[in-house]
file structure_24.pdb (PDB, C-alpha atoms and all ligand atoms)
MODEL        1
ATOM      1  CA  MET A  17      -3.723   7.069   0.846  1.00  0.00           C
ATOM      2  CA  GLY A  18      -4.319   9.569  -1.881  1.00  0.00           C
ATOM      3  CA  GLY A  19      -6.887  11.701  -3.609  1.00  0.00           C
ATOM      4  CA  GLU A  20      -6.846  14.534  -1.085  1.00  0.00           C
ATOM      5  CA  THR A  21      -7.465  17.678  -3.099  1.00  0.00           C
ATOM      6  CA  MET A  22      -7.036  21.298  -2.256  1.00  0.00           C
ATOM      7  CA  GLY A  23      -7.305  24.584  -4.082  1.00  0.00           C
ATOM      8  CA  ARG A  24      -6.475  27.095  -1.357  1.00  0.00           C
ATOM      9  CA  ARG A  25      -4.840  30.311  -2.491  1.00  0.00           C
ATOM     10  CA  PRO A  26      -2.794  32.321   0.006  1.00  0.00           C
ATOM     11  CA  SER A  27      -3.510  35.969   0.617  1.00  0.00           C
ATOM     12  CA  SER A  28      -0.090  36.817  -0.897  1.00  0.00           C
ATOM     13  CA  CYS A  29      -1.485  35.774  -4.295  1.00  0.00           C
ATOM     14  CA  ILE A  30      -3.407  39.040  -4.388  1.00  0.00           C
ATOM     15  CA  VAL A  31      -0.108  40.742  -5.225  1.00  0.00           C
ATOM     16  CA  LEU A  32       1.906  37.946  -6.818  1.00  0.00           C
ATOM     17  CA  ALA A  33       1.348  37.625 -10.550  1.00  0.00           C
ATOM     18  CA  LYS A  34       3.138  34.286 -10.605  1.00  0.00           C
ATOM     19  CA  CYS A  35       0.484  32.678  -8.416  1.00  0.00           C
ATOM     20  CA  LEU A  36      -1.612  30.108 -10.187  1.00  0.00           C
ATOM     21  CA  PRO A  37      -5.365  30.660 -10.629  1.00  0.00           C
ATOM     22  CA  MET A  38      -7.862  29.517  -8.001  1.00  0.00           C
ATOM     23  CA  SER A  39      -8.737  26.591 -10.264  1.00  0.00           C
ATOM     24  CA  GLU A  40      -5.253  25.138  -9.750  1.00  0.00           C
ATOM     25  CA  SER A  41      -5.728  22.187  -7.432  1.00  0.00           C
ATOM     26  CA  ILE A  42      -3.151  20.032  -5.795  1.00  0.00           C
ATOM     27  CA  THR A  43      -3.607  16.336  -5.100  1.00  0.00           C
ATOM     28  CA  ILE A  44      -1.617  14.447  -2.497  1.00  0.00           C
ATOM     29  CA  ARG A  45      -0.723  10.827  -3.159  1.00  0.00           C
ATOM     30  CA  THR A  46       1.525   8.211  -1.600  1.00  0.00           C
ATOM     31  CA  ALA A  47       4.905   7.862  -3.239  1.00  0.00           C
ATOM     32  CA  THR A  48       6.104   4.615  -4.767  1.00  0.00           C
ATOM     33  CA  VAL A  49       9.615   3.392  -5.381  1.00  0.00           C
ATOM     34  CA  ALA A  50       9.204   4.689  -8.950  1.00  0.00           C
ATOM     35  CA  ASP A  51       9.213   8.209  -7.412  1.00  0.00           C
ATOM     36  CA  ARG A  52      12.652   7.786  -5.844  1.00  0.00           C
ATOM     37  CA  LEU A  53      14.334  10.264  -8.204  1.00  0.00           C
ATOM     38  CA  VAL A  54      11.888  13.079  -7.434  1.00  0.00           C
ATOM     39  CA  ILE A  55      12.205  12.364  -3.695  1.00  0.00           C
ATOM     40  CA  ALA A  56      15.995  12.443  -4.082  1.00  0.00           C
ATOM     41  CA  HIS A  57      15.640  15.786  -5.864  1.00  0.00           C
ATOM     42  CA  HIS A  58      13.455  17.118  -3.007  1.00  0.00           C
ATOM     43  CA  ARG A  59      16.013  16.014  -0.441  1.00  0.00           C
ATOM     44  CA  THR A  60      18.908  17.638  -2.291  1.00  0.00           C
ATOM     45  CA  ALA A  61      17.020  20.881  -2.998  1.00  0.00           C
ATOM     46  CA  MET A  62      15.904  20.978   0.647  1.00  0.00           C
ATOM     47  CA  PHE A  63      19.506  20.894   1.895  1.00  0.00           C
ATOM     48  CA  VAL A  64      20.518  23.586  -0.617  1.00  0.00           C
ATOM     49  CA  ASP A  65      17.630  25.814   0.538  1.00  0.00           C
ATOM     50  CA  MET A  66      18.683  25.176   4.141  1.00  0.00           C
ATOM     51  CA  GLY A  67      22.043  26.780   3.353  1.00  0.00           C
ATOM     52  CA  TRP A  68      24.268  23.913   2.254  1.00  0.00           C
ATOM     53  CA  SER A  69      26.264  25.109  -0.750  1.00  0.00           C
ATOM     54  CA  LEU A  70      26.602  21.800  -2.573  1.00  0.00           C
ATOM     55  CA  ASP A  71      28.513  21.886  -5.841  1.00  0.00           C
ATOM     56  CA  GLU A  72      27.003  19.865  -8.700  1.00  0.00           C
ATOM     57  CA  GLU A  73      29.235  16.875  -7.967  1.00  0.00           C
ATOM     58  CA  ARG A  74      28.102  16.644  -4.350  1.00  0.00           C
ATOM     59  CA  ALA A  75      24.474  17.382  -5.232  1.00  0.00           C
ATOM     60  CA  ALA A  76      24.553  14.557  -7.785  1.00  0.00           C
ATOM     61  CA  ALA A  77      26.149  12.241  -5.215  1.00  0.00           C
ATOM     62  CA  LEU A  78      23.397  13.047  -2.705  1.00  0.00           C
ATOM     63  CA  ARG A  79      20.684  12.432  -5.322  1.00  0.00           C
ATOM     64  CA  VAL A  80      22.188   9.113  -6.463  1.00  0.00           C
ATOM     65  CA  THR A  81      22.825   7.741  -2.976  1.00  0.00           C
ATOM     66  CA  THR A  82      19.393   8.867  -1.759  1.00  0.00           C
ATOM     67  CA  ALA A  83      17.653   7.212  -4.736  1.00  0.00           C
ATOM     68  CA  SER A  84      19.578   4.037  -4.120  1.00  0.00           C
ATOM     69  CA  TRP A  85      18.735   4.111  -0.382  1.00  0.00           C
ATOM     70  CA  LEU A  86      15.045   4.607  -1.207  1.00  0.00           C
ATOM     71  CA  GLU A  87      15.088   1.727  -3.673  1.00  0.00           C
ATOM     72  CA  GLN A  88      16.002  -0.561  -0.758  1.00  0.00           C
ATOM     73  CA  ALA A  89      14.007   1.100   2.006  1.00  0.00           C
ATOM     74  CA  MET A  90      10.644   1.707   0.316  1.00  0.00           C
ATOM     75  CA  PRO A  91       9.806  -1.933  -0.521  1.00  0.00           C
ATOM     76  CA  ARG A  92      10.688  -2.816   3.091  1.00  0.00           C
ATOM     77  CA  GLY A  93       8.303  -0.146   4.395  1.00  0.00           C
ATOM     78  CA  GLU A  94      11.172   1.627   6.109  1.00  0.00           C
ATOM     79  CA  TYR A  95      10.436   4.823   4.190  1.00  0.00           C
ATOM     80  CA  VAL A  96       6.943   6.128   3.424  1.00  0.00           C
ATOM     81  CA  GLY A  97       6.506   9.245   1.327  1.00  0.00           C
ATOM     82  CA  TRP A  98       3.803  11.546  -0.005  1.00  0.00           C
ATOM     83  CA  LEU A  99       3.908  13.773  -3.056  1.00  0.00           C
ATOM     84  CA  ALA A 100       1.785  16.758  -4.027  1.00  0.00           C
ATOM     85  CA  GLN A 101       1.043  17.079  -7.698  1.00  0.00           C
ATOM     86  CA  SER A 102      -0.883  19.471  -9.869  1.00  0.00           C
ATOM     87  CA  GLU A 103      -4.302  18.079 -10.804  1.00  0.00           C
ATOM     88  CA  ALA A 104      -4.055  19.739 -14.184  1.00  0.00           C
ATOM     89  CA  ALA A 105      -0.591  18.338 -14.880  1.00  0.00           C
ATOM     90  CA  PRO A 106      -0.136  15.240 -12.686  1.00  0.00           C
ATOM     91  CA  GLU A 107       3.383  14.669 -13.988  1.00  0.00           C
ATOM     92  CA  ARG A 108       4.364  17.875 -12.195  1.00  0.00           C
ATOM     93  CA  VAL A 109       5.265  17.034  -8.601  1.00  0.00           C
ATOM     94  CA  VAL A 110       5.308  20.302  -6.662  1.00  0.00           C
ATOM     95  CA  ALA A 111       6.141  19.176  -3.120  1.00  0.00           C
ATOM     96  CA  GLY A 112       6.790  16.173  -0.944  1.00  0.00           C
ATOM     97  CA  ALA A 113       7.332  14.849   2.551  1.00  0.00           C
ATOM     98  CA  GLY A 114       8.328  11.496   3.960  1.00  0.00           C
ATOM     99  CA  VAL A 115       9.004   9.517   7.094  1.00  0.00           C
ATOM    100  CA  GLN A 116      11.713   7.082   8.038  1.00  0.00           C
ATOM    101  CA  LEU A 117      10.330   4.527  10.450  1.00  0.00           C
ATOM    102  CA  ARG A 118      12.534   3.517  13.309  1.00  0.00           C
ATOM    103  CA  ARG A 119      12.082   1.345  16.333  1.00  0.00           C
ATOM    104  CA  ILE A 120      13.654   2.656  19.502  1.00  0.00           C
ATOM    105  CA  LEU A 121      13.828   1.146  22.999  1.00  0.00           C
ATOM    106  CA  PRO A 122      10.643   1.319  25.107  1.00  0.00           C
ATOM    107  CA  PHE A 123      10.397   4.414  27.300  1.00  0.00           C
ATOM    108  CA  PRO A 124       7.930   5.956  29.766  1.00  0.00           C
ATOM    109  CA  ARG A 125       5.849   8.764  28.348  1.00  0.00           C
ATOM    110  CA  ARG A 126       3.287  11.087  29.821  1.00  0.00           C
ATOM    111  CA  LEU A 127      -0.116  11.028  28.116  1.00  0.00           C
ATOM    112  CA  ILE A 128      -2.292  14.088  27.529  1.00  0.00           C
ATOM    113  CA  ASP A 129      -4.358  13.245  30.630  1.00  0.00           C
ATOM    114  CA  GLY A 130      -1.177  13.297  32.780  1.00  0.00           C
ATOM    115  CA  THR A 131      -0.880   9.541  33.294  1.00  0.00           C
ATOM    116  CA  VAL A 132       2.318   7.667  32.415  1.00  0.00           C
ATOM    117  CA  SER A 133       2.441   4.711  30.052  1.00  0.00           C
ATOM    118  CA  ILE A 134       5.270   2.644  28.627  1.00  0.00           C
ATOM    119  CA  ALA A 135       5.754   3.381  24.937  1.00  0.00           C
ATOM    120  CA  GLU A 136       6.983   0.529  22.770  1.00  0.00           C
ATOM    121  CA  GLY A 137       9.202   2.825  20.739  1.00  0.00           C
ATOM    122  CA  ARG A 138       7.295   2.956  17.442  1.00  0.00           C
ATOM    123  CA  GLN A 139       8.516   6.241  16.066  1.00  0.00           C
ATOM    124  CA  ALA A 140       9.177   7.887  12.724  1.00  0.00           C
ATOM    125  CA  ILE A 141      11.359  10.807  11.766  1.00  0.00           C
ATOM    126  CA  VAL A 142       9.842  13.252   9.301  1.00  0.00           C
ATOM    127  CA  VAL A 143      12.211  14.018   6.434  1.00  0.00           C
ATOM    128  CA  ASN A 144      12.353  15.513   2.954  1.00  0.00           C
ATOM    129  CA  VAL A 145       9.750  18.229   3.523  1.00  0.00           C
ATOM    130  CA  TYR A 146      10.110  20.366   0.428  1.00  0.00           C
ATOM    131  CA  THR A 147       7.926  22.590  -1.774  1.00  0.00           C
ATOM    132  CA  GLU A 148       9.115  23.886  -5.160  1.00  0.00           C
ATOM    133  CA  PRO A 149       9.742  27.637  -4.745  1.00  0.00           C
ATOM    134  CA  GLU A 150       6.998  28.799  -7.134  1.00  0.00           C
ATOM    135  CA  PHE A 151       4.403  26.750  -5.217  1.00  0.00           C
ATOM    136  CA  ARG A 152       5.259  27.978  -1.726  1.00  0.00           C
ATOM    137  CA  ARG A 153       2.975  29.741   0.772  1.00  0.00           C
ATOM    138  CA  ARG A 154      -0.228  28.179  -0.476  1.00  0.00           C
ATOM    139  CA  GLY A 155      -0.649  25.508   2.172  1.00  0.00           C
ATOM    140  CA  THR A 156       0.925  22.544   0.369  1.00  0.00           C
ATOM    141  CA  ALA A 157       3.483  21.619   3.040  1.00  0.00           C
ATOM    142  CA  ARG A 158       0.787  22.019   5.689  1.00  0.00           C
ATOM    143  CA  ARG A 159      -1.479  19.568   3.837  1.00  0.00           C
ATOM    144  CA  LEU A 160       1.407  17.148   3.399  1.00  0.00           C
ATOM    145  CA  MET A 161       2.234  17.329   7.110  1.00  0.00           C
ATOM    146  CA  GLU A 162      -1.435  16.830   8.025  1.00  0.00           C
ATOM    147  CA  THR A 163      -1.362  13.738   5.804  1.00  0.00           C
ATOM    148  CA  VAL A 164       1.786  12.493   7.577  1.00  0.00           C
ATOM    149  CA  ILE A 165       0.172  13.024  11.009  1.00  0.00           C
ATOM    150  CA  GLY A 166      -3.057  11.327   9.902  1.00  0.00           C
ATOM    151  CA  TRP A 167      -1.084   8.364   8.599  1.00  0.00           C
ATOM    152  CA  ALA A 168       0.994   8.144  11.824  1.00  0.00           C
ATOM    153  CA  ARG A 169      -2.253   8.007  13.811  1.00  0.00           C
ATOM    154  CA  SER A 170      -3.728   5.379  11.504  1.00  0.00           C
ATOM    155  CA  VAL A 171      -0.739   3.045  11.922  1.00  0.00           C
ATOM    156  CA  ARG A 172      -0.644   3.847  15.650  1.00  0.00           C
ATOM    157  CA  LEU A 173       2.862   5.277  15.874  1.00  0.00           C
ATOM    158  CA  GLU A 174       3.695   6.730  19.266  1.00  0.00           C
ATOM    159  CA  SER A 175       5.495   9.817  18.050  1.00  0.00           C
ATOM    160  CA  LEU A 176       6.862  11.732  15.117  1.00  0.00           C
ATOM    161  CA  VAL A 177      10.144  13.599  15.427  1.00  0.00           C
ATOM    162  CA  LEU A 178      11.913  15.991  13.108  1.00  0.00           C
ATOM    163  CA  HIS A 179      14.739  18.490  12.906  1.00  0.00           C
ATOM    164  CA  ALA A 180      13.166  21.797  11.970  1.00  0.00           C
ATOM    165  CA  ALA A 181      14.803  24.151   9.509  1.00  0.00           C
ATOM    166  CA  PRO A 182      14.006  27.852  10.056  1.00  0.00           C
ATOM    167  CA  ASP A 183      11.514  27.897   7.149  1.00  0.00           C
ATOM    168  CA  GLY A 184       9.629  24.930   8.573  1.00  0.00           C
ATOM    169  CA  GLU A 185       9.554  25.765  12.278  1.00  0.00           C
ATOM    170  CA  ALA A 186       6.373  27.882  12.303  1.00  0.00           C
ATOM    171  CA  LEU A 187       4.546  25.228  10.317  1.00  0.00           C
ATOM    172  CA  TYR A 188       5.576  22.405  12.661  1.00  0.00           C
ATOM    173  CA  ARG A 189       4.770  24.414  15.783  1.00  0.00           C
ATOM    174  CA  SER A 190       1.342  25.322  14.426  1.00  0.00           C
ATOM    175  CA  LEU A 191       0.665  21.622  13.879  1.00  0.00           C
ATOM    176  CA  GLY A 192       1.552  20.774  17.492  1.00  0.00           C
ATOM    177  CA  PHE A 193       5.239  19.783  17.327  1.00  0.00           C
ATOM    178  CA  GLU A 194       7.155  20.798  20.454  1.00  0.00           C
ATOM    179  CA  ARG A 195      10.841  21.393  21.117  1.00  0.00           C
ATOM    180  CA  THR A 196      12.592  18.576  22.990  1.00  0.00           C
ATOM    181  CA  ASN A 197      15.860  18.264  24.879  1.00  0.00           C
ATOM    182  CA  GLU A 198      17.647  16.265  22.179  1.00  0.00           C
ATOM    183  CA  MET A 199      21.424  16.828  22.029  1.00  0.00           C
ATOM    184  CA  ARG A 200      23.819  15.774  19.294  1.00  0.00           C
ATOM    185  CA  TYR A 201      27.442  14.632  19.165  1.00  0.00           C
ATOM    186  CA  THR A 202      29.117  14.686  15.758  1.00  0.00           C
ATOM    187  CA  ARG A 203      32.855  14.510  16.621  1.00  0.00           C
ATOM    188  CA  LEU A 204      33.052  10.855  15.649  1.00  0.00           C
TER     189      LEU A 204
HETATM  190  C1  LIG B 301       9.312  24.980   4.551  1.00  0.00           C
HETATM  191  C2  LIG B 301       8.532  24.698   3.281  1.00  0.00           C
HETATM  192  C3  LIG B 301       8.456  23.194   3.070  1.00  0.00           C
HETATM  193  C4  LIG B 301       7.126  25.268   3.434  1.00  0.00           C
HETATM  194  O1  LIG B 301       6.405  24.898   2.283  1.00  0.00           O
HETATM  195  P1  LIG B 301       5.067  25.634   1.850  1.00  0.00           P
HETATM  196  O2  LIG B 301       4.328  24.707   0.955  1.00  0.00           O
HETATM  197  O3  LIG B 301       5.371  26.966   1.350  1.00  0.00           O
HETATM  198  O4  LIG B 301       4.340  25.774   3.259  1.00  0.00           O
HETATM  199  P2  LIG B 301       2.828  26.178   3.509  1.00  0.00           P
HETATM  200  O5  LIG B 301       2.351  27.047   2.414  1.00  0.00           O
HETATM  201  O6  LIG B 301       2.052  24.951   3.798  1.00  0.00           O
HETATM  202  O7  LIG B 301       2.979  27.066   4.784  1.00  0.00           O
HETATM  203  C5  LIG B 301       2.563  26.612   6.013  1.00  0.00           C
HETATM  204  C6  LIG B 301       3.051  27.553   7.076  1.00  0.00           C
HETATM  205  O8  LIG B 301       4.450  27.482   7.146  1.00  0.00           O
HETATM  206  C7  LIG B 301       4.975  28.757   7.487  1.00  0.00           C
HETATM  207  N1  LIG B 301       5.945  29.093   6.472  1.00  0.00           N
HETATM  208  C8  LIG B 301       5.962  28.689   5.182  1.00  0.00           C
HETATM  209  N2  LIG B 301       7.060  29.159   4.573  1.00  0.00           N
HETATM  210  C9  LIG B 301       7.740  29.867   5.502  1.00  0.00           C
HETATM  211  C10 LIG B 301       8.943  30.616   5.483  1.00  0.00           C
HETATM  212  N3  LIG B 301       9.681  30.725   4.379  1.00  0.00           N
HETATM  213  N4  LIG B 301       9.347  31.231   6.615  1.00  0.00           N
HETATM  214  C11 LIG B 301       8.604  31.130   7.731  1.00  0.00           C
HETATM  215  N5  LIG B 301       7.455  30.445   7.809  1.00  0.00           N
HETATM  216  C12 LIG B 301       7.032  29.823   6.710  1.00  0.00           C
HETATM  217  C13 LIG B 301       3.835  29.667   7.627  1.00  0.00           C
HETATM  218  O9  LIG B 301       3.507  29.679   8.992  1.00  0.00           O
HETATM  219  C14 LIG B 301       2.754  29.007   6.862  1.00  0.00           C
HETATM  220  O10 LIG B 301       1.545  29.310   7.433  1.00  0.00           O
HETATM  221  P3  LIG B 301       0.576  30.427   6.754  1.00  0.00           P
HETATM  222  O11 LIG B 301      -0.010  29.750   5.553  1.00  0.00           O
HETATM  223  O12 LIG B 301      -0.404  30.684   7.824  1.00  0.00           O
HETATM  224  O13 LIG B 301       1.442  31.586   6.376  1.00  0.00           O
HETATM  225  C15 LIG B 301       9.182  25.381   2.047  1.00  0.00           C
HETATM  226  O14 LIG B 301       9.402  26.740   2.331  1.00  0.00           O
HETATM  227  C16 LIG B 301      10.503  24.748   1.644  1.00  0.00           C
HETATM  228  O15 LIG B 301      10.516  23.789   0.872  1.00  0.00           O
HETATM  229  N6  LIG B 301      11.607  25.308   2.170  1.00  0.00           N
HETATM  230  C17 LIG B 301      12.952  24.814   1.841  1.00  0.00           C
HETATM  231  C18 LIG B 301      13.219  23.434   2.439  1.00  0.00           C
HETATM  232  C19 LIG B 301      12.958  23.387   3.935  1.00  0.00           C
HETATM  233  O16 LIG B 301      13.400  24.235   4.702  1.00  0.00           O
HETATM  234  N7  LIG B 301      12.203  22.339   4.330  1.00  0.00           N
HETATM  235  C20 LIG B 301      11.882  22.109   5.723  1.00  0.00           C
HETATM  236  C21 LIG B 301      12.895  21.185   6.301  1.00  0.00           C
HETATM  237  S1  LIG B 301      12.596  20.893   8.042  1.00  0.00           S
ENDMDL
END
call {"tool": "encode", "arguments": {"input": "structure_24.pdb", "output": "C-alpha cells", "more": "lines below"}}
Ligand SMILES: CC(C)(COP(=O)(O)OP(=O)(O)OC[C@H]1O[C@@H](n2cnc3c(N)ncnc32)[C@H](O)[C@@H]1OP(=O)(O)O)[C@@H](O)C(=O)NCCC(=O)NCCS
result
Amino acid sequence: MGGETMGRRPSSCIVLAKCLPMSESITIRTATVADRLVIAHHRTAMFVDMGWSLDEERAAALRVTTASWLEQAMPRGEYVGWLAQSEAAPERVVAGAGVQLRRILPFPRRLIDGTVSIAEGRQAIVVNVYTEPEFRRRGTARRLMETVIGWARSVRLESLVLHAAPDGEALYRSLGFERTNEMRYTRL
C-alpha cells in the first residue's frame, strides 16, 4: 500500500496565508515499525487536542509506552498504520491513522440487502487519527480514512469501529460510519 498522491487545496486556503501552494502534494504510505515514534507522537498529540491536559511527564510516558507497544504489535500484524508525508520533504510526516485488529466472537449481522449472515468477528478499531495543525482542512485525514477503508475491504474485515472525537465525527459520518449502541463501564 502506498504511493497515493493528492494535491487538493481546501477553499479556506483562499484566505489563509499559511496554506501551502497547490504544488504541495501529500503521499500516503504504510507505516513500518521504524515509524513507531511518530505514531506515538500522533497518539499523544491526538489526546491533547481532544482535551486531555497531559503534563510533559505523562505525555512522555504515553509516547514511550505506545512506541513500545507498537514495537511488539506491528511485527505481529496486530497494528497496521498509514502515514501522510509531504512529497517535497518526505521526512516530514504530516498526518497518520492506524487500526488495531481484534477478533471478537461471531455474531449475526444484517447485510445491506436486508438478509442476515453470521459474521466471524474479524474487526478492527481505528485509532491514532491525527493531522498536524498546519496541515488540517485539506483532505488529508479523509484520504487516510479512505485508505483504511480500502485496506479493510481488501483483507475482508467485517467491520471497522472507532470512538469519534468531536473534530472527527463529521468526517467519519461522511464516510459512512454510523452511531451504535455501545456502552462503557470504567469503574473497575
Ligand atoms: C480530526 C482531524 C484528524 C481532521 O484532520 P484533517 O486532515 O484536517 O481532516 P480533513 O481535511 O480530511 O477533513 C475532512 C472532513 O472532516 C471534517 N473536519 C475536519 N476538521 C474538523 C473540525 N475541526 N471540526 C469539524 N469538522 C472537521 C470536515 O467535514 C472535513 O470535510 P470538508 O473538507 O468537507 O470540510 C484533525 O482535525 C485532528 O488531528 N484533530 C485532533 C485529533 C483528533 O480529534 N483526531 C480524531 C480522533 S477520533
call {"tool": "residues_near_ligand", "arguments": {"input": "structure_24.pdb", "ligand": "ligand LIG 301 (chain B)", "cutoff": "6 Å", "atoms": "all atoms listed in the file", "output": "list in words"}}
result
Met62, Asp65, Met66, Val145, Tyr146, Thr147, Arg152, Arg153, Arg154, Gly155, Thr156, Ala157, Arg158, His179, Ala180, Ala181, Asp183, Gly184, Ala186 and Leu187 of chain A
call {"tool": "atom_distance", "arguments": {"input": "structure_24.pdb", "atom1": "CA of Val80 (chain A)", "atom2": "CA of Ala56 (chain A)"}}
result
7.4 Å
call {"tool": "resolve_selection", "arguments": {"input": "structure_24.pdb", "expression": "the PyMOL selection byres (((chain A and resi 99-113) around 9) and not hetatm)", "output": "MDAnalysis selection string"}}
result
chainID A and resid 21 40:47 51 54:55 58 96:98 114:115 142:152 156:157 159:161 164
call {"tool": "atom_distance", "arguments": {"input": "structure_24.pdb", "atom1": "CA of Val177 (chain A)", "atom2": "CA of Arg126 (chain A)"}}
result
16.1 Å
call {"tool": "axis_aligned_box", "arguments": {"input": "structure_24.pdb", "around": "region 142-150 of chain A", "padding_each_side": "6 Å", "output": "JSON"}}
result
{"center_x": 9.7, "center_y": 21.0, "center_z": 1.1, "size_x": 17.4, "size_y": 27.5, "size_z": 28.4}
call {"tool": "residues_near_point", "arguments": {"input": "structure_24.pdb", "point": "(13.4, 9.2, 13.9)", "cutoff": "10 Å", "atoms": "only C-alpha atoms", "output": "PyMOL selection string"}}
result
chain A and resi 115-120+138-143+175-179
call {"tool": "atom_distance", "arguments": {"input": "structure_24.pdb", "atom1": "CA of Leu53 (chain A)", "atom2": "CA of Pro91 (chain A)"}}
result
15.1 Å
call {"tool": "closest_residue", "arguments": {"input": "structure_24.pdb", "among": "A:Trp68, A:Thr60, A:Arg195, A:Val49", "to": "Glu87 (chain A)", "atoms": "only C-alpha atoms"}}
result
A:Val49
